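S.K.: What follows is upload.csv, CSV, C-alpha atoms.
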```
chain,number,residue,atom,x,y,z
A,20,MET,CA,19.3,0.2,55.4
A,21,SER,CA,20.5,-2.7,57.5
A,22,ALA,CA,20.2,-1.7,61.1
A,23,SER,CA,20.3,-4.8,63.1
A,24,GLU,CA,22.2,-4.3,66.4
A,25,ASN,CA,23.2,-6.5,69.2
A,26,THR,CA,21.6,-5.5,72.5
A,27,THR,CA,24.8,-5.0,74.6
A,28,ALA,CA,25.4,-1.4,75.8
A,29,TRP,CA,27.4,0.7,73.4
A,30,ARG,CA,30.7,2.3,74.2
A,31,ALA,CA,32.8,4.5,71.9
A,32,PRO,CA,36.1,2.7,71.2
A,33,THR,CA,38.0,6.0,71.8
A,34,ALA,CA,37.3,8.6,74.4
A,35,PRO,CA,36.0,12.0,73.2
A,36,GLU,CA,39.0,13.9,74.6
A,37,SER,CA,41.4,11.9,72.4
A,38,ARG,CA,39.6,12.4,69.1
A,39,ASN,CA,37.9,15.1,67.0
A,40,TYR,CA,35.4,13.0,65.1
A,41,PRO,CA,31.9,12.1,66.3
A,42,TYR,CA,30.7,8.5,66.2
A,43,ASN,CA,27.1,9.4,66.0
A,44,CYS,CA,27.4,10.4,62.4
A,45,TRP,CA,27.1,8.6,59.0
A,46,TRP,CA,30.5,8.0,57.4
A,47,VAL,CA,31.6,6.7,54.0
A,48,ALA,CA,32.8,3.1,54.4
A,49,GLY,CA,33.6,2.6,50.8
A,50,PHE,CA,32.5,3.0,47.2
A,51,SER,CA,29.8,0.8,45.9
A,52,ASP,CA,32.1,-0.9,43.5
A,53,GLU,CA,34.5,-1.8,46.3
A,54,VAL,CA,31.9,-3.8,48.2
A,55,SER,CA,31.3,-7.2,46.6
A,56,ARG,CA,31.2,-10.9,47.5
A,57,GLU,CA,34.9,-10.7,48.2
A,58,MET,CA,35.2,-9.8,51.9
A,59,LEU,CA,36.8,-6.4,52.5
A,60,GLY,CA,38.4,-5.5,55.9
A,61,ARG,CA,38.8,-1.8,56.7
A,62,TRP,CA,39.5,0.2,59.8
A,63,LEU,CA,37.0,3.0,60.3
A,64,LEU,CA,36.8,5.2,63.4
A,65,ASP,CA,39.1,3.0,65.5
A,66,THR,CA,37.0,0.0,64.6
A,67,PRO,CA,37.8,-3.0,62.5
A,68,VAL,CA,35.0,-3.4,59.9
A,69,LEU,CA,34.1,-6.2,57.5
A,70,LEU,CA,32.2,-5.2,54.4
A,71,TYR,CA,30.6,-7.6,51.9
A,72,ARG,CA,27.4,-8.2,49.9
A,73,LYS,CA,24.8,-10.8,50.5
A,74,GLU,CA,23.6,-13.0,47.6
A,75,ASP,CA,20.8,-10.5,46.9
A,76,GLY,CA,23.3,-7.7,46.6
A,77,THR,CA,22.6,-6.0,49.9
A,78,ALA,CA,25.7,-4.5,51.5
A,79,VAL,CA,26.6,-5.8,55.0
A,80,ALA,CA,29.0,-4.3,57.6
A,81,MET,CA,30.0,-6.0,60.8
A,82,GLU,CA,32.9,-6.0,63.3
A,83,ASN,CA,36.0,-7.5,61.6
A,84,ARG,CA,37.1,-9.4,64.7
A,85,CYS,CA,36.1,-12.9,65.7
A,86,PRO,CA,35.1,-12.9,69.4
A,87,HIS,CA,36.9,-16.3,69.9
A,88,ARG,CA,40.5,-15.3,69.5
A,89,GLY,CA,40.4,-12.0,67.6
A,90,ALA,CA,41.1,-13.2,64.1
A,91,PRO,CA,40.0,-10.8,61.3
A,92,LEU,CA,36.8,-12.3,59.8
A,93,SER,CA,37.9,-10.9,56.5
A,94,LEU,CA,40.5,-13.8,56.4
A,95,GLY,CA,37.7,-16.3,56.3
A,96,CYS,CA,35.1,-17.0,53.7
A,97,LEU,CA,31.4,-16.6,52.8
A,98,LYS,CA,29.0,-19.5,53.2
A,99,GLY,CA,25.9,-18.1,51.5
A,100,ASP,CA,25.2,-14.9,53.4
A,101,ALA,CA,27.1,-16.1,56.5
A,102,VAL,CA,30.7,-15.4,57.4
A,103,GLN,CA,32.9,-18.2,58.5
A,104,CYS,CA,36.1,-17.4,60.4
A,105,GLY,CA,39.2,-18.7,58.8
A,106,TYR,CA,40.8,-19.6,62.2
A,107,HIS,CA,38.5,-22.1,64.0
A,108,GLY,CA,35.4,-22.0,61.7
A,109,PHE,CA,33.0,-19.9,63.9
A,110,SER,CA,30.2,-18.7,61.6
A,111,PHE,CA,28.1,-15.5,61.8
A,112,ALA,CA,24.9,-14.5,60.1
A,113,ALA,CA,24.7,-11.1,58.4
A,114,ASP,CA,23.3,-9.6,61.6
A,115,GLY,CA,26.4,-10.7,63.6
A,116,THR,CA,24.7,-13.6,65.4
A,117,CYS,CA,27.0,-16.6,65.9
A,118,ILE,CA,25.2,-19.5,64.2
A,119,ASP,CA,27.8,-22.2,64.3
A,120,VAL,CA,30.8,-23.4,66.3
A,121,PRO,CA,32.2,-26.6,64.8
A,122,SER,CA,33.3,-27.9,68.2
A,123,MET,CA,29.9,-27.3,69.9
A,124,LYS,CA,26.4,-28.5,69.3
A,125,LYS,CA,25.0,-25.0,70.1
A,126,PRO,CA,27.0,-21.8,69.9
A,127,PRO,CA,27.1,-19.5,73.0
A,128,THR,CA,25.0,-16.4,72.6
A,129,SER,CA,27.9,-14.2,73.8
A,130,ALA,CA,29.9,-15.2,70.7
A,131,SER,CA,28.0,-12.7,68.4
A,132,VAL,CA,29.7,-9.7,66.8
A,133,ARG,CA,28.3,-6.3,66.3
A,134,SER,CA,26.7,-5.5,63.0
A,135,PHE,CA,26.4,-1.9,61.7
A,136,PRO,CA,23.7,0.0,59.9
A,137,VAL,CA,24.4,0.6,56.2
A,138,ILE,CA,22.9,3.0,53.7
A,139,GLU,CA,23.9,2.6,50.1
A,140,GLN,CA,23.6,5.8,48.0
A,141,LYS,CA,25.7,5.1,44.9
A,142,PRO,CA,28.5,5.7,44.5
A,143,PHE,CA,28.9,5.5,48.3
A,144,VAL,CA,28.2,2.9,51.0
A,145,TRP,CA,27.6,4.7,54.3
A,146,ILE,CA,28.0,3.2,57.7
A,147,TYR,CA,26.9,4.2,61.2
A,148,LEU,CA,29.3,3.2,64.0
A,149,GLY,CA,27.8,5.1,66.8
A,150,ASP,CA,25.3,4.6,69.6
A,151,PRO,CA,22.3,2.5,68.3
A,152,ALA,CA,20.0,4.2,70.8
A,153,VAL,CA,20.3,7.6,69.1
A,154,LEU,CA,20.5,6.5,65.5
A,155,ASN,CA,17.0,7.9,64.7
A,156,ASN,CA,18.1,11.4,65.9
A,157,VAL,CA,21.2,11.5,63.7
A,158,PRO,CA,21.0,13.4,60.4
A,159,PRO,CA,21.0,11.1,57.3
A,160,PRO,CA,23.9,11.1,54.9
A,161,PRO,CA,24.0,14.1,52.6
A,162,VAL,CA,22.7,13.6,49.1
A,163,LEU,CA,24.7,14.7,46.1
A,164,ASP,CA,22.1,15.3,43.4
A,165,TRP,CA,24.6,15.7,40.6
A,166,SER,CA,26.1,12.3,41.2
A,167,GLN,CA,22.7,10.9,40.0
A,168,ASP,CA,22.4,13.3,37.1
A,169,ASP,CA,22.7,11.5,33.7
A,170,ASP,CA,24.3,14.6,32.2
A,171,PHE,CA,27.4,14.1,34.4
A,172,ALA,CA,30.2,11.7,33.8
A,173,LEU,CA,32.0,10.6,37.0
A,174,VAL,CA,35.4,9.4,38.1
A,175,HIS,CA,36.4,8.5,41.7
A,176,GLY,CA,39.2,7.3,43.8
A,177,ARG,CA,40.4,6.5,47.3
A,178,MET,CA,43.6,7.4,49.2
A,179,ASP,CA,44.8,6.5,52.6
A,180,ILE,CA,46.4,9.6,54.1
A,181,ALA,CA,48.6,9.6,57.3
A,182,ALA,CA,47.0,12.7,58.8
A,183,ASN,CA,44.0,13.8,60.8
A,184,TYR,CA,40.9,14.0,58.7
A,185,MET,CA,40.2,17.7,59.5
A,186,LEU,CA,43.5,18.7,57.7
A,187,LEU,CA,41.9,17.6,54.5
A,188,LYS,CA,38.7,19.3,55.2
A,189,GLU,CA,40.4,22.6,55.9
A,190,ASN,CA,42.5,22.1,52.7
A,191,VAL,CA,39.4,22.0,50.5
A,192,LEU,CA,37.7,24.9,52.3
A,193,ASP,CA,40.6,27.3,51.5
A,194,LEU,CA,41.5,27.1,47.8
A,195,THR,CA,44.1,29.9,48.0
A,196,HIS,CA,46.6,27.0,48.3
A,197,PHE,CA,46.0,26.2,44.6
A,198,GLY,CA,48.6,28.7,43.3
A,199,TYR,CA,51.3,27.0,45.5
A,200,VAL,CA,50.6,23.4,46.1
A,201,HIS,CA,49.1,22.8,42.6
A,202,ALA,CA,51.0,25.5,40.6
A,203,LYS,CA,52.4,22.9,38.2
A,204,THR,CA,49.3,20.6,37.9
A,205,PHE,CA,46.0,22.4,38.1
A,206,LYS,CA,47.6,25.7,37.2
A,207,ILE,CA,44.7,27.6,38.8
A,208,THR,CA,46.5,30.8,40.0
A,209,ASP,CA,43.7,33.3,40.4
A,210,TRP,CA,42.6,32.1,43.9
A,211,VAL,CA,44.1,35.1,45.7
A,212,ASP,CA,41.3,37.1,47.3
A,213,PRO,CA,39.2,35.7,50.2
A,214,PRO,CA,35.8,34.5,49.0
A,215,SER,CA,32.5,35.3,50.7
A,216,PHE,CA,31.3,33.0,53.5
A,217,SER,CA,28.0,32.0,55.0
A,218,THR,CA,26.9,29.5,57.7
A,219,ASP,CA,23.5,27.9,58.0
A,220,GLY,CA,23.1,25.6,61.0
A,221,ASP,CA,25.7,22.9,60.6
A,222,THR,CA,26.6,23.8,57.0
A,223,THR,CA,29.3,26.4,56.1
A,224,THR,CA,29.8,27.6,52.5
A,225,PHE,CA,32.3,29.7,50.6
A,226,HIS,CA,31.6,31.4,47.2
A,227,GLN,CA,34.0,33.2,44.8
A,228,SER,CA,33.1,34.9,41.5
A,229,PHE,CA,35.7,35.2,38.8
A,230,ARG,CA,35.2,37.6,36.0
A,231,HIS,CA,37.1,37.5,32.7
A,232,SER,CA,39.7,35.2,34.3
A,233,PRO,CA,42.0,33.3,31.9
A,234,LEU,CA,41.0,29.7,31.6
A,235,PRO,CA,43.7,27.2,32.8
A,236,PRO,CA,44.3,24.0,30.8
A,237,LEU,CA,42.1,22.0,33.3
A,238,PHE,CA,39.1,24.0,32.4
A,239,ALA,CA,39.8,25.2,28.8
A,240,ASP,CA,40.4,21.7,27.3
A,241,ALA,CA,37.1,20.3,28.7
A,242,LEU,CA,35.1,23.3,27.5
A,243,GLY,CA,36.7,23.2,24.1
A,244,LEU,CA,37.9,26.8,24.4
A,245,PRO,CA,41.3,28.4,23.8
A,246,LEU,CA,43.8,28.2,26.7
A,247,GLY,CA,43.9,31.5,28.6
A,248,MET,CA,40.6,32.7,27.1
A,249,PRO,CA,38.9,35.2,29.5
A,250,TYR,CA,35.9,33.5,31.0
A,251,ASN,CA,33.5,33.8,34.0
A,252,ARG,CA,33.1,31.2,36.6
A,253,GLU,CA,31.3,30.8,39.9
A,254,ASN,CA,33.3,28.7,42.4
A,255,TYR,CA,31.7,27.5,45.6
A,256,GLY,CA,31.9,24.8,48.2
A,257,SER,CA,30.2,23.6,51.4
A,258,PHE,CA,31.0,21.6,54.5
A,259,LEU,CA,27.9,19.3,54.5
A,260,SER,CA,28.7,17.1,57.5
A,261,PRO,CA,31.8,15.9,59.4
A,262,ALA,CA,32.0,13.2,56.7
A,263,LEU,CA,31.4,15.1,53.5
A,264,GLN,CA,32.2,18.3,51.6
A,265,GLU,CA,31.2,19.4,48.2
A,266,GLY,CA,32.8,21.8,45.7
A,267,ALA,CA,31.4,23.3,42.5
A,268,VAL,CA,32.4,25.4,39.5
A,269,ASP,CA,29.8,26.9,37.1
A,270,PHE,CA,31.3,28.2,33.8
A,271,CYS,CA,29.5,31.2,32.4
A,272,ASP,CA,29.7,32.8,29.0
A,273,PRO,CA,30.9,36.4,29.6
A,274,ALA,CA,28.7,37.7,26.7
A,275,THR,CA,25.4,36.0,27.7
A,276,GLY,CA,25.8,34.9,31.3
A,277,ASP,CA,24.6,31.4,30.3
A,278,ILE,CA,26.1,28.4,32.1
A,279,THR,CA,28.1,26.5,29.6
A,280,GLY,CA,29.5,23.8,31.9
A,281,ARG,CA,29.2,22.4,35.4
A,282,PHE,CA,32.0,20.8,37.4
A,283,ARG,CA,31.5,19.1,40.7
A,284,VAL,CA,33.7,17.4,43.3
A,285,SER,CA,33.0,15.8,46.7
A,286,HIS,CA,35.4,15.0,49.4
A,287,ALA,CA,34.5,12.2,51.9
A,288,THR,CA,37.0,11.8,54.7
A,289,THR,CA,36.5,8.9,57.1
A,290,PRO,CA,39.0,8.8,60.1
A,291,ILE,CA,40.9,5.6,60.6
A,292,ASP,CA,42.2,6.9,63.9
A,293,PRO,CA,43.3,10.4,65.1
A,294,VAL,CA,46.2,10.5,62.8
A,295,SER,CA,45.1,8.8,59.6
A,296,MET,CA,42.1,8.7,57.2
A,297,HIS,CA,40.5,7.3,54.2
A,298,TYR,CA,39.9,9.9,51.5
A,299,PHE,CA,37.1,9.1,49.0
A,300,TRP,CA,36.9,11.6,46.2
A,301,LEU,CA,34.3,11.9,43.5
A,302,LEU,CA,34.5,14.2,40.4
A,303,GLY,CA,31.8,14.9,37.8
A,304,ARG,CA,31.2,17.3,34.9
A,305,ASP,CA,28.5,17.7,32.2
A,306,HIS,CA,31.0,18.6,29.5
A,307,GLY,CA,34.2,17.2,28.1
A,308,ASN,CA,33.0,13.9,29.2
A,309,SER,CA,34.2,11.4,26.6
A,310,PRO,CA,35.9,8.3,28.0
A,311,GLU,CA,39.3,9.7,27.0
A,312,GLN,CA,38.7,13.1,28.5
A,313,MET,CA,37.4,11.6,31.8
A,314,ALA,CA,40.5,9.3,31.9
A,315,GLU,CA,42.7,12.3,31.6
A,316,LEU,CA,40.8,14.1,34.3
A,317,GLU,CA,41.2,11.1,36.6
A,318,LYS,CA,44.9,11.0,36.0
A,319,MET,CA,45.3,14.7,36.6
A,320,THR,CA,43.2,14.5,39.8
A,321,GLU,CA,45.3,11.7,41.2
A,322,ILE,CA,48.5,13.7,40.6
A,323,GLY,CA,47.1,16.9,42.1
A,324,PHE,CA,45.6,15.2,45.1
A,325,ALA,CA,48.9,13.4,45.8
A,326,GLU,CA,50.3,16.9,46.1
A,327,ASP,CA,47.7,17.6,48.8
A,328,GLU,CA,48.6,14.3,50.5
A,329,GLU,CA,52.3,15.2,50.7
A,330,MET,CA,51.6,18.6,52.2
A,331,ILE,CA,48.9,17.3,54.7
A,332,GLU,CA,51.1,14.4,55.9
A,333,ALA,CA,54.0,16.8,56.4
A,334,ILE,CA,51.8,19.1,58.5
A,335,GLN,CA,50.6,16.1,60.6
A,336,ALA,CA,54.2,14.9,61.1
A,337,VAL,CA,55.2,18.3,62.4
A,338,THR,CA,52.1,18.5,64.6
A,339,SER,CA,52.6,15.1,66.1
A,340,ARG,CA,56.2,15.6,66.9
A,341,ASP,CA,56.0,19.1,68.3
A,342,PRO,CA,56.2,18.8,72.1
A,343,ARG,CA,54.0,21.9,72.5
A,344,GLY,CA,51.0,20.0,71.1
A,345,SER,CA,47.8,22.1,71.1
A,346,ASN,CA,49.8,25.0,72.7
A,347,ALA,CA,51.8,25.5,69.5
A,348,PRO,CA,50.9,28.9,67.9
A,349,GLU,CA,48.4,28.9,65.0
A,350,ILE,CA,47.3,32.1,63.2
A,351,SER,CA,44.1,32.2,61.1
A,352,VAL,CA,43.3,34.8,58.4
A,353,LYS,CA,40.1,35.6,56.5
A,354,THR,CA,40.5,32.8,54.0
A,355,ASP,CA,40.3,30.4,56.9
A,356,THR,CA,36.8,31.4,57.8
A,357,ALA,CA,35.1,28.4,56.4
A,358,GLY,CA,37.6,26.1,58.0
A,359,VAL,CA,37.2,27.7,61.4
A,360,GLN,CA,33.5,27.4,61.1
A,361,ALA,CA,33.9,23.7,60.2
A,362,ARG,CA,35.9,23.2,63.4
A,363,ARG,CA,33.1,24.7,65.4
A,364,ILE,CA,30.5,22.6,63.7
A,365,VAL,CA,32.4,19.4,64.5
A,366,GLN,CA,32.8,20.6,68.1
A,367,ARG,CA,29.0,20.8,68.3
A,368,TRP,CA,28.6,17.3,66.9
A,369,MET,CA,31.2,16.1,69.5
A,370,ALA,CA,29.4,17.9,72.3
A,371,LYS,CA,26.2,15.9,71.6
A,372,GLU,CA,28.1,12.8,72.5
A,373,THR,CA,29.3,14.0,75.9
```
So, in terms of structure tokens, how does the structure I just supplied come out?
M.R.:
Amino acid sequence: MSASENTTAWRAPTAPESRNYPYNCWWVAGFSDEVSREMLGRWLLDTPVLLYRKEDGTAVAMENRCPHRGAPLSLGCLKGDAVQCGYHGFSFAADGTCIDVPSMKKPPTSASVRSFPVIEQKPFVWIYLGDPAVLNNVPPPPVLDWSQDDDFALVHGRMDIAANYMLLKENVLDLTHFGYVHAKTFKITDWVDPPSFSTDGDTTTFHQSFRHSPLPPLFADALGLPLGMPYNRENYGSFLSPALQEGAVDFCDPATGDITGRFRVSHATTPIDPVSMHYFWLLGRDHGNSPEQMAELEKMTEIGFAEDEEMIEAIQAVTSRDPRGSNAPEISVKTDTAGVQARRIVQRWMAKET
């Protein structure tokens, strides 16, 4: 972890009352394969961030704004491990310290930019954008054990969605939308009854058991079983932190109860601002994992998640335009239990900052 910080007092870029995401939390900045010796500029939590790798491969994150005239540092270039601004040549070490101003013999100490702590747990690069003084009290990024399991083949992708990040979180905590939003793609139509729910601290989980339910194409093809064959599956998912959720399906032979396949998905949502997000998704399974089958899974996932994107962005558009704002009516039912608990958990994270 790179945790060098400038010593100036920290202030959140956006006041708590105008956002629903905590700064004192680890968030996904990007996938490991996105961060390279090519400088990457990205907005994360109302903050312009520059991502790159040092010559030894270590991931670096710093503010993507030159303190001289505000030029994005990502428009500059790397000189070894240092960043040179493409506007007037100011150079910054990986810790954000200004080390050179071409027009001066010695750069002013005030010219430094903020650097951000980074933790790389492949396939994610995590970033901390909050108060450096409380970093040691912030829970570390959640670990997805299956993403490191050699039995699993993985595919991943990123989407920019014009909606508040919690809309995606609630979407994947209530899978009864499958039979409507994804009726023509995933074709999983048996998500009808509310699942069971449990909450442990800042983690909330749903669990649904399906018995002798016909296998849709998405599952049957990968398992090498006939389409529509009655099969058992355990479907569950958890809100792990404001930044990450996890979903799982275990396929079980109805005759023996043995698990014959495992399917996993994670949803990392990093706010850009109150009405837009980066969505980093990761899928893995320990069956049907030939390159051709995984390519087909990736293609199907992109199509299906685009359906979520369309719906979520439409909801945000209505919400943003409605003059009633938070006073507009909203009705929750039992299937919303995990989503409601997730809102409460985020509120607790927010309360710690105020």
S.K.: Which residues of range 105-188 of chain A have any atom within 12 Å of an atom in range 251-259 of chain A when counting only C-alpha atoms, and what is the closest pair of atoms for each, with the distance in Å to one decimal? Order the rows by chain and rising number and write it as JSON lines.
M.R.:
```
{"residue": "A:Pro158", "atom": "CA", "partner": "A:Leu259", "partner_atom": "CA", "distance": 10.8}
{"residue": "A:Pro159", "atom": "CA", "partner": "A:Leu259", "partner_atom": "CA", "distance": 11.1}
{"residue": "A:Pro160", "atom": "CA", "partner": "A:Leu259", "partner_atom": "CA", "distance": 9.1}
{"residue": "A:Pro161", "atom": "CA", "partner": "A:Leu259", "partner_atom": "CA", "distance": 6.8}
{"residue": "A:Val162", "atom": "CA", "partner": "A:Leu259", "partner_atom": "CA", "distance": 9.4}
{"residue": "A:Leu163", "atom": "CA", "partner": "A:Leu259", "partner_atom": "CA", "distance": 10.1}
{"residue": "A:Met185", "atom": "CA", "partner": "A:Phe258", "partner_atom": "CA", "distance": 11.2}
{"residue": "A:Leu187", "atom": "CA", "partner": "A:Phe258", "partner_atom": "CA", "distance": 11.6}
{"residue": "A:Lys188", "atom": "CA", "partner": "A:Phe258", "partner_atom": "CA", "distance": 8.1}
```
S.K.: Quick one: everything within 8 Å of Glu326 in chain A, counting all atoms listed in the file, minus sequence neighbours fewer than 3 positions away in the same chain. Send it as number ranges by chain.
M.R.: A: 200-201, 322-323, 329-330
S.K.: Of the candidates A:Arg84, A:His297, A:Lys318, A:Lys206, which shows the shortest atom-to-atom distance to Ile180 in chain A, using all atoms listed in the file?
M.R.: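 With all atoms listed in the file as the atom set, the closest residue is A:His297.
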S.K.: Show me, as a list in words, the residues that have an atom within 10 Å of Pro32 in chain A when counting all atoms listed in the file, minus same-chain residues fewer than 2 positions from it.
M.R.: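 Close residues of Pro32 in chain A: Trp29, Arg30, Ala34, Pro35, Tyr42, Leu64, Asp65, Thr66, Leu148 and Gly149 of chain A.
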S.K.: Which residues of range 120-164 of chain A come within 7 Å of range 45-53 of chain A, and for each one, what is the closest pair of atoms and their distance in Å to one decimal, counting all atoms listed in the file, sorted by chain and residue number, as JSON lines?
M.R.:
```
{"residue": "A:Lys141", "atom": "CA", "partner": "A:Ser51", "partner_atom": "CA", "distance": 6.0}
{"residue": "A:Pro142", "atom": "CA", "partner": "A:Ser51", "partner_atom": "CA", "distance": 5.3}
{"residue": "A:Phe143", "atom": "CA", "partner": "A:Phe50", "partner_atom": "CA", "distance": 4.5}
{"residue": "A:Val144", "atom": "CA", "partner": "A:Gly49", "partner_atom": "CA", "distance": 5.4}
{"residue": "A:Trp145", "atom": "CA", "partner": "A:Val47", "partner_atom": "CA", "distance": 4.5}
{"residue": "A:Ile146", "atom": "CA", "partner": "A:Trp46", "partner_atom": "CA", "distance": 5.4}
{"residue": "A:Tyr147", "atom": "CA", "partner": "A:Trp45", "partner_atom": "CA", "distance": 4.9}
{"residue": "A:Pro159", "atom": "CA", "partner": "A:Trp45", "partner_atom": "CA", "distance": 6.8}
{"residue": "A:Pro160", "atom": "CA", "partner": "A:Trp45", "partner_atom": "CA", "distance": 5.8}
```
S.K.: Using all atoms listed in the file, can you tell me which of A:Gly76, A:Pro41, A:Pro342, A:Gly89 comes closest to Ala370 in chain A?
M.R.: A:Pro41
S.K.: Show which residues sit within 7 Å of Met58 in chain A, as a list in words. Count only C-alpha atoms, and ignore same-chain residues fewer than 6 positions away.
M.R.: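 The filter keeps Leu69, Leu70, Tyr71 and Ser93 of chain A.
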S.K.: Just save range 273-340 of chain A with C-alpha atoms, as a compact mmCIF listing (two decimals), in the first residue's frame.
M.R.:
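Here's the written file result24.txt:
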```txt
# COMPACT_ATOMS: atom_id res chain seq x y z
CA PRO A 273 -31.19 -32.97 -7.24
CA ALA A 274 -30.39 -36.65 -6.78
CA THR A 275 -27.28 -36.37 -4.62
CA GLY A 276 -27.21 -32.78 -3.34
CA ASP A 277 -23.61 -32.45 -4.58
CA ILE A 278 -22.47 -29.05 -5.84
CA THR A 279 -21.74 -29.48 -9.54
CA GLY A 280 -20.89 -25.89 -10.38
CA ARG A 281 -20.21 -22.52 -8.77
CA PHE A 282 -20.97 -19.14 -10.30
CA ARG A 283 -19.81 -15.86 -8.73
CA VAL A 284 -20.24 -12.17 -9.51
CA SER A 285 -19.08 -8.99 -7.82
CA HIS A 286 -20.39 -5.48 -8.31
CA ALA A 287 -18.05 -2.60 -7.44
CA THR A 288 -19.69 0.80 -7.71
CA THR A 289 -17.54 3.91 -7.30
CA PRO A 290 -19.36 7.26 -7.39
CA ILE A 291 -18.11 9.86 -9.82
CA ASP A 292 -20.47 12.40 -8.29
CA PRO A 293 -24.01 12.25 -6.83
CA VAL A 294 -25.59 11.37 -10.19
CA SER A 295 -23.01 9.18 -11.94
CA MET A 296 -20.80 6.18 -11.21
CA HIS A 297 -18.16 3.79 -12.44
CA TYR A 298 -19.47 0.23 -12.40
CA PHE A 299 -16.76 -2.45 -12.26
CA TRP A 300 -18.18 -5.97 -12.64
CA LEU A 301 -16.39 -9.28 -12.25
CA LEU A 302 -17.78 -12.74 -13.09
CA GLY A 303 -16.28 -16.15 -12.43
CA ARG A 304 -17.29 -19.80 -12.62
CA ASP A 305 -15.59 -23.15 -12.12
CA HIS A 306 -17.38 -24.88 -15.00
CA GLY A 307 -18.05 -24.12 -18.64
CA ASN A 308 -14.85 -22.15 -18.60
CA SER A 309 -13.29 -22.72 -22.02
CA PRO A 310 -12.15 -19.50 -23.72
CA GLU A 311 -15.09 -19.71 -26.12
CA GLN A 312 -17.63 -20.23 -23.33
CA MET A 313 -16.20 -17.40 -21.23
CA ALA A 314 -16.25 -15.08 -24.25
CA GLU A 315 -19.92 -15.90 -24.70
CA LEU A 316 -20.57 -15.24 -21.01
CA GLU A 317 -18.83 -11.87 -21.29
CA LYS A 318 -20.92 -10.95 -24.34
CA MET A 319 -24.18 -11.98 -22.64
CA THR A 320 -23.25 -10.09 -19.48
CA GLU A 321 -22.53 -6.89 -21.37
CA ILE A 322 -25.93 -7.10 -23.07
CA GLY A 323 -27.75 -7.87 -19.82
CA PHE A 324 -26.01 -5.19 -17.78
CA ALA A 325 -26.78 -2.65 -20.50
CA GLU A 326 -30.43 -3.40 -19.76
CA ASP A 327 -29.81 -2.55 -16.11
CA GLU A 328 -28.03 0.62 -17.19
CA GLU A 329 -30.99 1.75 -19.29
CA MET A 330 -33.44 1.22 -16.43
CA ILE A 331 -31.24 2.76 -13.74
CA GLU A 332 -30.45 5.84 -15.82
CA ALA A 333 -34.17 6.29 -16.53
CA ILE A 334 -34.91 6.17 -12.79
CA GLN A 335 -32.20 8.75 -12.10
CA ALA A 336 -33.58 11.03 -14.83
CA VAL A 337 -37.05 10.94 -13.28
CA THR A 338 -35.67 11.44 -9.77
CA SER A 339 -33.47 14.37 -10.78
CA ARG A 340 -36.23 16.16 -12.65
```
